[in-house]
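Inspection log for the structure reproduced underneath, given as structure tokens.
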Amino acid sequence: MNEAVLYEAKGAIAHVTLNRPEQMNAMNIELIDGLADAMEKARAPEIRAVVLKANGRCFCAGGDIRAFNRFLDEGKSIPAAMPDRLHEMVETMRNLEKPILASVQGPAAGAGAPLALACDLVVAAEEAIFNFAYARIGLTPDGSSTYFLPRHVGMKKATEIFMMLPTYTAKEAMELGLVNWVVPGAELASKTEAFARQLSEGPTAAFGRLKKLMNATYENTLHDQLAFETKLICDSSRTADFREGIKAFLGKRTPQFKGV
């Protein structure tokens with residue numbers, strides 16, 4: 001893996017860290033490739049939860065403006081391979097059958113904002129801010145922005161965000177449904193670890209099926225979604241974790257899930 005993204009497995013938790021702090025973790029092809037590689041590594045069966053975080057004061061400033069300027073100097077547009085690779089990685093995140101927790105310590109701008117949205121859960125420091133400022137440099141959104149943002153806030157509000165370029169505090173982002181928890185910056189690391197540990201000790205296979213249900217609800221009819229729920233709850237009832245959950249409930253003890 002390249003140095004733009006660091007990967008470390010700590011027990012059942014994979015820590016994926018954006019590592020271009022001097023460039024505010026702006027996305028270039030190396031960072032995108034590093035993210036894609038890290039998400040593939042997180043498929044390992046011993047991994048039961050993923051934390052996506054960043055080094056430095058900024059979570060991700062979006063696309064690398066200097067790289068864009070080099071394309072202009074060469075008389076080129078942004079190569080399709082760059083957003084395509086990013087989008088493949090987003091699909092990998094959504095299809096990864098284990099929870100992904102974004103830990104946002106500072107600005108999440110441009111493509112950095114949908115990167116957080118593509119995670120299953122988001123914990124943000126009070127100092128974090130969010131904006132989708134593509135139009136500020138004359139670009140249309142990418143990185144799953146136009147897929148997830150309207151589903152979080154509605155079509156009219158999403159259009160306002162894309163066109164009027166507001167910047168939201170972490171608290172405002174939470175009120176919009178873009179963030180799950182806002183914590184003091186000094187507590188972000190410990191809260192992230194606590195949430196990740198809770199996720200990693202959960203019924204991982206059931207969480208994977210839950211992600212499939214959540215992804216499908218955007219497209220399915222009610223009838224189709226109910227049929228999918230039937231299939232997956234029956235599948236889940238054949239797992240060791242379901243047996244453990246029932247035995248623990250009846251025995252009045254905390255379940256010890258194994259993720260299978």
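As shown in the structure tokens, the chain order sets the letters A, B, ...; within each chain, residues go from 1, and ligands are also counted from 1 in the order they appear.
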
Need the shell around Val104 (chain A): protein/DNA/RNA residues with any atom at most 10 Å away, counting only C-alpha atoms. Skip same-chain ones fewer than 5 positions apart. Format as a PDB file with all heavy atoms, in the first residue's frame?
```
ATOM      1  N   LEU A  52     -12.483   4.831   9.404  1.00  0.00           N
ATOM      2  CA  LEU A  52     -11.871   5.695   8.391  1.00  0.00           C
ATOM      3  C   LEU A  52     -11.597   7.046   9.029  1.00  0.00           C
ATOM      4  O   LEU A  52     -12.528   7.717   9.486  1.00  0.00           O
ATOM      5  CB  LEU A  52     -12.798   5.849   7.187  1.00  0.00           C
ATOM      6  CG  LEU A  52     -12.314   6.791   6.077  1.00  0.00           C
ATOM      7  CD1 LEU A  52     -10.996   6.315   5.491  1.00  0.00           C
ATOM      8  CD2 LEU A  52     -13.368   6.928   4.984  1.00  0.00           C
ATOM      9  N   LYS A  53     -10.326   7.444   9.072  1.00  0.00           N
ATOM     10  CA  LYS A  53      -9.942   8.680   9.744  1.00  0.00           C
ATOM     11  C   LYS A  53      -8.829   9.341   8.944  1.00  0.00           C
ATOM     12  O   LYS A  53      -8.508   8.898   7.840  1.00  0.00           O
ATOM     13  CB  LYS A  53      -9.496   8.390  11.180  1.00  0.00           C
ATOM     14  CG  LYS A  53      -8.354   7.386  11.285  1.00  0.00           C
ATOM     15  CD  LYS A  53      -8.078   7.019  12.734  1.00  0.00           C
ATOM     16  CE  LYS A  53      -6.952   5.994  12.830  1.00  0.00           C
ATOM     17  NZ  LYS A  53      -6.644   5.653  14.230  1.00  0.00           N
ATOM     18  N   ALA A  54      -8.248  10.407   9.486  1.00  0.00           N
ATOM     19  CA  ALA A  54      -7.227  11.151   8.738  1.00  0.00           C
ATOM     20  C   ALA A  54      -6.201  11.737   9.682  1.00  0.00           C
ATOM     21  O   ALA A  54      -6.530  12.117  10.818  1.00  0.00           O
ATOM     22  CB  ALA A  54      -7.879  12.259   7.915  1.00  0.00           C
ATOM     23  N   ARG A  57      -4.958  18.228  10.490  1.00  0.00           N
ATOM     24  CA  ARG A  57      -6.095  19.005  10.975  1.00  0.00           C
ATOM     25  C   ARG A  57      -7.319  18.897  10.088  1.00  0.00           C
ATOM     26  O   ARG A  57      -8.409  19.319  10.463  1.00  0.00           O
ATOM     27  CB  ARG A  57      -5.709  20.478  11.118  1.00  0.00           C
ATOM     28  CG  ARG A  57      -5.410  21.188   9.808  1.00  0.00           C
ATOM     29  CD  ARG A  57      -5.019  22.647  10.032  1.00  0.00           C
ATOM     30  NE  ARG A  57      -4.824  23.364   8.786  1.00  0.00           N
ATOM     31  CZ  ARG A  57      -5.804  23.946   8.096  1.00  0.00           C
ATOM     32  NH1 ARG A  57      -7.047  23.884   8.542  1.00  0.00           N
ATOM     33  NH2 ARG A  57      -5.542  24.593   6.975  1.00  0.00           N
ATOM     34  N   CYS A  58      -7.159  18.331   8.883  1.00  0.00           N
ATOM     35  CA  CYS A  58      -8.252  18.270   7.914  1.00  0.00           C
ATOM     36  C   CYS A  58      -8.586  16.811   7.619  1.00  0.00           C
ATOM     37  O   CYS A  58      -7.684  15.994   7.408  1.00  0.00           O
ATOM     38  CB  CYS A  58      -7.837  18.983   6.624  1.00  0.00           C
ATOM     39  SG  CYS A  58      -9.122  19.069   5.362  1.00  0.00           S
ATOM     40  N   PHE A  59      -9.873  16.478   7.601  1.00  0.00           N
ATOM     41  CA  PHE A  59     -10.265  15.118   7.230  1.00  0.00           C
ATOM     42  C   PHE A  59      -9.968  14.877   5.755  1.00  0.00           C
ATOM     43  O   PHE A  59      -9.226  13.976   5.398  1.00  0.00           O
ATOM     44  CB  PHE A  59     -11.756  14.907   7.523  1.00  0.00           C
ATOM     45  CG  PHE A  59     -12.269  13.551   7.105  1.00  0.00           C
ATOM     46  CD1 PHE A  59     -11.926  12.415   7.825  1.00  0.00           C
ATOM     47  CD2 PHE A  59     -13.099  13.421   6.006  1.00  0.00           C
ATOM     48  CE1 PHE A  59     -12.395  11.162   7.442  1.00  0.00           C
ATOM     49  CE2 PHE A  59     -13.573  12.185   5.611  1.00  0.00           C
ATOM     50  CZ  PHE A  59     -13.223  11.044   6.336  1.00  0.00           C
ATOM     51  N   CYS A  60     -10.522  15.708   4.896  1.00  0.00           N
ATOM     52  CA  CYS A  60     -10.227  15.627   3.460  1.00  0.00           C
ATOM     53  C   CYS A  60     -10.748  16.885   2.792  1.00  0.00           C
ATOM     54  O   CYS A  60     -11.931  17.217   2.908  1.00  0.00           O
ATOM     55  CB  CYS A  60     -10.868  14.392   2.833  1.00  0.00           C
ATOM     56  SG  CYS A  60     -10.600  14.259   1.039  1.00  0.00           S
ATOM     57  N   GLY A 112     -14.421  15.097   0.061  1.00  0.00           N
ATOM     58  CA  GLY A 112     -14.253  14.612   1.427  1.00  0.00           C
ATOM     59  C   GLY A 112     -15.571  14.449   2.153  1.00  0.00           C
ATOM     60  O   GLY A 112     -15.706  13.578   3.019  1.00  0.00           O
ATOM     61  N   ALA A 113     -16.560  15.287   1.818  1.00  0.00           N
ATOM     62  CA  ALA A 113     -17.863  15.186   2.483  1.00  0.00           C
ATOM     63  C   ALA A 113     -18.597  13.905   2.093  1.00  0.00           C
ATOM     64  O   ALA A 113     -19.051  13.163   2.975  1.00  0.00           O
ATOM     65  CB  ALA A 113     -18.701  16.426   2.181  1.00  0.00           C
ATOM     66  N   ALA A 116     -17.273  10.734   3.769  1.00  0.00           N
ATOM     67  CA  ALA A 116     -17.837  10.464   5.096  1.00  0.00           C
ATOM     68  C   ALA A 116     -19.250   9.894   4.984  1.00  0.00           C
ATOM     69  O   ALA A 116     -19.612   8.953   5.695  1.00  0.00           O
ATOM     70  CB  ALA A 116     -17.835  11.742   5.937  1.00  0.00           C
ATOM     71  N   VAL A 122     -21.022   8.108  11.287  1.00  0.00           N
ATOM     72  CA  VAL A 122     -20.045   9.202  11.340  1.00  0.00           C
ATOM     73  C   VAL A 122     -20.025   9.790  12.743  1.00  0.00           C
ATOM     74  O   VAL A 122     -21.063  10.181  13.277  1.00  0.00           O
ATOM     75  CB  VAL A 122     -20.389  10.319  10.323  1.00  0.00           C
ATOM     76  CG1 VAL A 122     -19.353  11.439  10.411  1.00  0.00           C
ATOM     77  CG2 VAL A 122     -20.478   9.774   8.905  1.00  0.00           C
ATOM     78  N   VAL A 123     -18.827   9.851  13.321  1.00  0.00           N
ATOM     79  CA  VAL A 123     -18.615  10.608  14.550  1.00  0.00           C
ATOM     80  C   VAL A 123     -17.691  11.770  14.196  1.00  0.00           C
ATOM     81  O   VAL A 123     -16.686  11.592  13.508  1.00  0.00           O
ATOM     82  CB  VAL A 123     -18.023   9.725  15.682  1.00  0.00           C
ATOM     83  CG1 VAL A 123     -16.751   9.026  15.268  1.00  0.00           C
ATOM     84  CG2 VAL A 123     -17.804  10.561  16.951  1.00  0.00           C
ATOM     85  N   ALA A 124     -18.059  12.976  14.642  1.00  0.00           N
ATOM     86  CA  ALA A 124     -17.307  14.171  14.264  1.00  0.00           C
ATOM     87  C   ALA A 124     -16.917  14.967  15.497  1.00  0.00           C
ATOM     88  O   ALA A 124     -17.674  15.033  16.475  1.00  0.00           O
ATOM     89  CB  ALA A 124     -18.134  15.047  13.324  1.00  0.00           C
ATOM     90  N   ALA A 125     -15.748  15.556  15.427  1.00  0.00           N
ATOM     91  CA  ALA A 125     -15.330  16.496  16.461  1.00  0.00           C
ATOM     92  C   ALA A 125     -16.132  17.788  16.311  1.00  0.00           C
ATOM     93  O   ALA A 125     -16.599  18.132  15.217  1.00  0.00           O
ATOM     94  CB  ALA A 125     -13.840  16.794  16.338  1.00  0.00           C
ATOM     95  N   GLU A 126     -16.268  18.516  17.402  1.00  0.00           N
ATOM     96  CA  GLU A 126     -16.990  19.792  17.365  1.00  0.00           C
ATOM     97  C   GLU A 126     -16.370  20.750  16.359  1.00  0.00           C
ATOM     98  O   GLU A 126     -17.062  21.600  15.797  1.00  0.00           O
ATOM     99  CB  GLU A 126     -16.994  20.427  18.756  1.00  0.00           C
ATOM    100  CG  GLU A 126     -17.830  19.669  19.771  1.00  0.00           C
ATOM    101  CD  GLU A 126     -17.672  20.192  21.187  1.00  0.00           C
ATOM    102  OE1 GLU A 126     -16.666  20.908  21.442  1.00  0.00           O
ATOM    103  OE2 GLU A 126     -18.535  19.902  22.030  1.00  0.00           O
ATOM    104  N   GLU A 127     -15.068  20.610  16.114  1.00  0.00           N
ATOM    105  CA  GLU A 127     -14.364  21.510  15.206  1.00  0.00           C
ATOM    106  C   GLU A 127     -14.574  21.159  13.733  1.00  0.00           C
ATOM    107  O   GLU A 127     -14.196  21.939  12.849  1.00  0.00           O
ATOM    108  CB  GLU A 127     -12.860  21.466  15.505  1.00  0.00           C
ATOM    109  CG  GLU A 127     -12.479  21.908  16.907  1.00  0.00           C
ATOM    110  CD  GLU A 127     -12.586  20.814  17.955  1.00  0.00           C
ATOM    111  OE1 GLU A 127     -13.037  19.689  17.624  1.00  0.00           O
ATOM    112  OE2 GLU A 127     -12.225  21.093  19.116  1.00  0.00           O
ATOM    113  N   ALA A 128     -15.150  20.014  13.445  1.00  0.00           N
ATOM    114  CA  ALA A 128     -15.327  19.581  12.062  1.00  0.00           C
ATOM    115  C   ALA A 128     -16.325  20.478  11.339  1.00  0.00           C
ATOM    116  O   ALA A 128     -17.259  21.021  11.942  1.00  0.00           O
ATOM    117  CB  ALA A 128     -15.796  18.135  12.008  1.00  0.00           C
ATOM    118  N   ILE A 129     -16.102  20.647  10.039  1.00  0.00           N
ATOM    119  CA  ILE A 129     -17.061  21.353   9.189  1.00  0.00           C
ATOM    120  C   ILE A 129     -17.254  20.540   7.912  1.00  0.00           C
ATOM    121  O   ILE A 129     -16.405  19.743   7.525  1.00  0.00           O
ATOM    122  CB  ILE A 129     -16.602  22.786   8.849  1.00  0.00           C
ATOM    123  CG1 ILE A 129     -15.234  22.769   8.161  1.00  0.00           C
ATOM    124  CG2 ILE A 129     -16.602  23.677  10.084  1.00  0.00           C
ATOM    125  CD1 ILE A 129     -14.791  24.136   7.648  1.00  0.00           C
ATOM    126  N   PHE A 130     -18.381  20.772   7.256  1.00  0.00           N
ATOM    127  CA  PHE A 130     -18.739  20.016   6.061  1.00  0.00           C
ATOM    128  C   PHE A 130     -19.229  20.976   4.980  1.00  0.00           C
ATOM    129  O   PHE A 130     -20.043  21.865   5.257  1.00  0.00           O
ATOM    130  CB  PHE A 130     -19.858  19.015   6.374  1.00  0.00           C
ATOM    131  CG  PHE A 130     -19.470  17.952   7.374  1.00  0.00           C
ATOM    132  CD1 PHE A 130     -19.471  18.234   8.745  1.00  0.00           C
ATOM    133  CD2 PHE A 130     -19.087  16.690   6.963  1.00  0.00           C
ATOM    134  CE1 PHE A 130     -19.100  17.266   9.675  1.00  0.00           C
ATOM    135  CE2 PHE A 130     -18.721  15.711   7.875  1.00  0.00           C
ATOM    136  CZ  PHE A 130     -18.721  16.007   9.227  1.00  0.00           C
ATOM    137  N   ALA A 170     -20.278  20.857  12.654  1.00  0.00           N
ATOM    138  CA  ALA A 170     -20.579  19.459  12.966  1.00  0.00           C
ATOM    139  C   ALA A 170     -21.985  19.322  13.561  1.00  0.00           C
ATOM    140  O   ALA A 170     -22.733  18.401  13.216  1.00  0.00           O
ATOM    141  CB  ALA A 170     -19.541  18.902  13.930  1.00  0.00           C
ATOM    142  N   VAL A 179     -24.385  13.357  10.193  1.00  0.00           N
ATOM    143  CA  VAL A 179     -23.465  12.920  11.237  1.00  0.00           C
ATOM    144  C   VAL A 179     -24.282  12.270  12.345  1.00  0.00           C
ATOM    145  O   VAL A 179     -25.395  12.715  12.650  1.00  0.00           O
ATOM    146  CB  VAL A 179     -22.665  14.129  11.791  1.00  0.00           C
ATOM    147  CG1 VAL A 179     -21.937  13.789  13.074  1.00  0.00           C
ATOM    148  CG2 VAL A 179     -21.692  14.654  10.738  1.00  0.00           C
ATOM    149  N   VAL A 182     -21.572  14.096  17.672  1.00  0.00           N
ATOM    150  CA  VAL A 182     -20.598  15.188  17.736  1.00  0.00           C
ATOM    151  C   VAL A 182     -20.006  15.180  19.132  1.00  0.00           C
ATOM    152  O   VAL A 182     -20.736  15.160  20.138  1.00  0.00           O
ATOM    153  CB  VAL A 182     -21.256  16.544  17.440  1.00  0.00           C
ATOM    154  CG1 VAL A 182     -20.257  17.679  17.620  1.00  0.00           C
ATOM    155  CG2 VAL A 182     -21.828  16.569  16.025  1.00  0.00           C
ATOM    156  N   GLY A 185     -13.286  17.666  20.500  1.00  0.00           N
ATOM    157  CA  GLY A 185     -12.131  17.179  19.752  1.00  0.00           C
ATOM    158  C   GLY A 185     -11.200  16.322  20.578  1.00  0.00           C
ATOM    159  O   GLY A 185     -10.651  15.328  20.086  1.00  0.00           O
ATOM    160  N   LEU A 188     -12.414  12.741  20.596  1.00  0.00           N
ATOM    161  CA  LEU A 188     -12.750  12.058  19.342  1.00  0.00           C
ATOM    162  C   LEU A 188     -12.094  10.684  19.256  1.00  0.00           C
ATOM    163  O   LEU A 188     -12.762   9.695  18.901  1.00  0.00           O
ATOM    164  CB  LEU A 188     -12.344  12.912  18.146  1.00  0.00           C
ATOM    165  CG  LEU A 188     -12.658  12.301  16.775  1.00  0.00           C
ATOM    166  CD1 LEU A 188     -14.160  12.120  16.584  1.00  0.00           C
ATOM    167  CD2 LEU A 188     -12.079  13.173  15.650  1.00  0.00           C
ATOM    168  N   ALA A 189     -10.815  10.586  19.561  1.00  0.00           N
ATOM    169  CA  ALA A 189     -10.118   9.301  19.429  1.00  0.00           C
ATOM    170  C   ALA A 189     -10.717   8.249  20.355  1.00  0.00           C
ATOM    171  O   ALA A 189     -10.953   7.103  19.932  1.00  0.00           O
ATOM    172  CB  ALA A 189      -8.628   9.483  19.710  1.00  0.00           C
ATOM    173  N   THR A 192     -14.260   7.338  19.185  1.00  0.00           N
ATOM    174  CA  THR A 192     -14.163   6.523  17.974  1.00  0.00           C
ATOM    175  C   THR A 192     -13.810   5.091  18.335  1.00  0.00           C
ATOM    176  O   THR A 192     -14.421   4.135  17.824  1.00  0.00           O
ATOM    177  CB  THR A 192     -13.094   7.099  17.032  1.00  0.00           C
ATOM    178  OG1 THR A 192     -13.501   8.408  16.604  1.00  0.00           O
ATOM    179  CG2 THR A 192     -12.900   6.209  15.813  1.00  0.00           C
TER     180      THR A 192
END
```

Requested in this report: Within region 114-201 of chain A, find each residue whose DSSP state, derived from the backbone, is strand (DSSP E or B), and express the selection as a list of chain:residue names.
Outcome: A:Leu121, A:Val122, A:Val123, A:Ala124, A:Ala125, A:Ile129, A:Phe130, A:Asn131, A:Tyr168, A:Thr169, A:Trp181, A:Val182, A:Val183

(message) Report, in Å to a single decimal, how far apart CA of Ala67 (chain A) and CA of Met24 (chain A) are.
(response)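 Result for CA of Met24 (chain A) versus CA of Ala67 (chain A): 13.6 Å, one decimal.
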
Nearest to Met89 (chain A), restricted to only C-alpha atoms and choosing among A:Glu40, A:Asp224, A:Asn180, A:Ser237, comes out as A:Glu40

Q | Nearby residues (only C-alpha atoms) at most 8 Å from region 196-208 of chain A, same-chain spacing under 2 positions excluded, as a list in words | A |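 In the requested format, the answer is Ala12, Ile13, Ile47, Arg48, Ala49, Val50, Val51, Leu96, Glu97, Lys98, Pro99, Leu101, Thr192, Glu193, Ala194, Leu210, Lys211, Lys212, Ser236, Asp241, Gln256, Phe257, Lys258, Gly259 and Val260 of chain A.
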
* To do: Would you list the contacts of Gly110 (chain A) as a VMD selection string, taking every protein, DNA or RNA residue within 10 Å and counting only C-alpha atoms, but skipping same-chain residues closer than 5 positions in sequence?
  => chain A and resid 26 to 27 60 to 63 115 130 to 136 139 141 to 143 145 162

Which residue of A:Leu117, A:Glu244, A:Val5, A:Pro255 approaches Gly177 (chain A) most closely, using only C-alpha atoms: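 Selected residue with least distance to Gly177 (chain A): A:Leu117.
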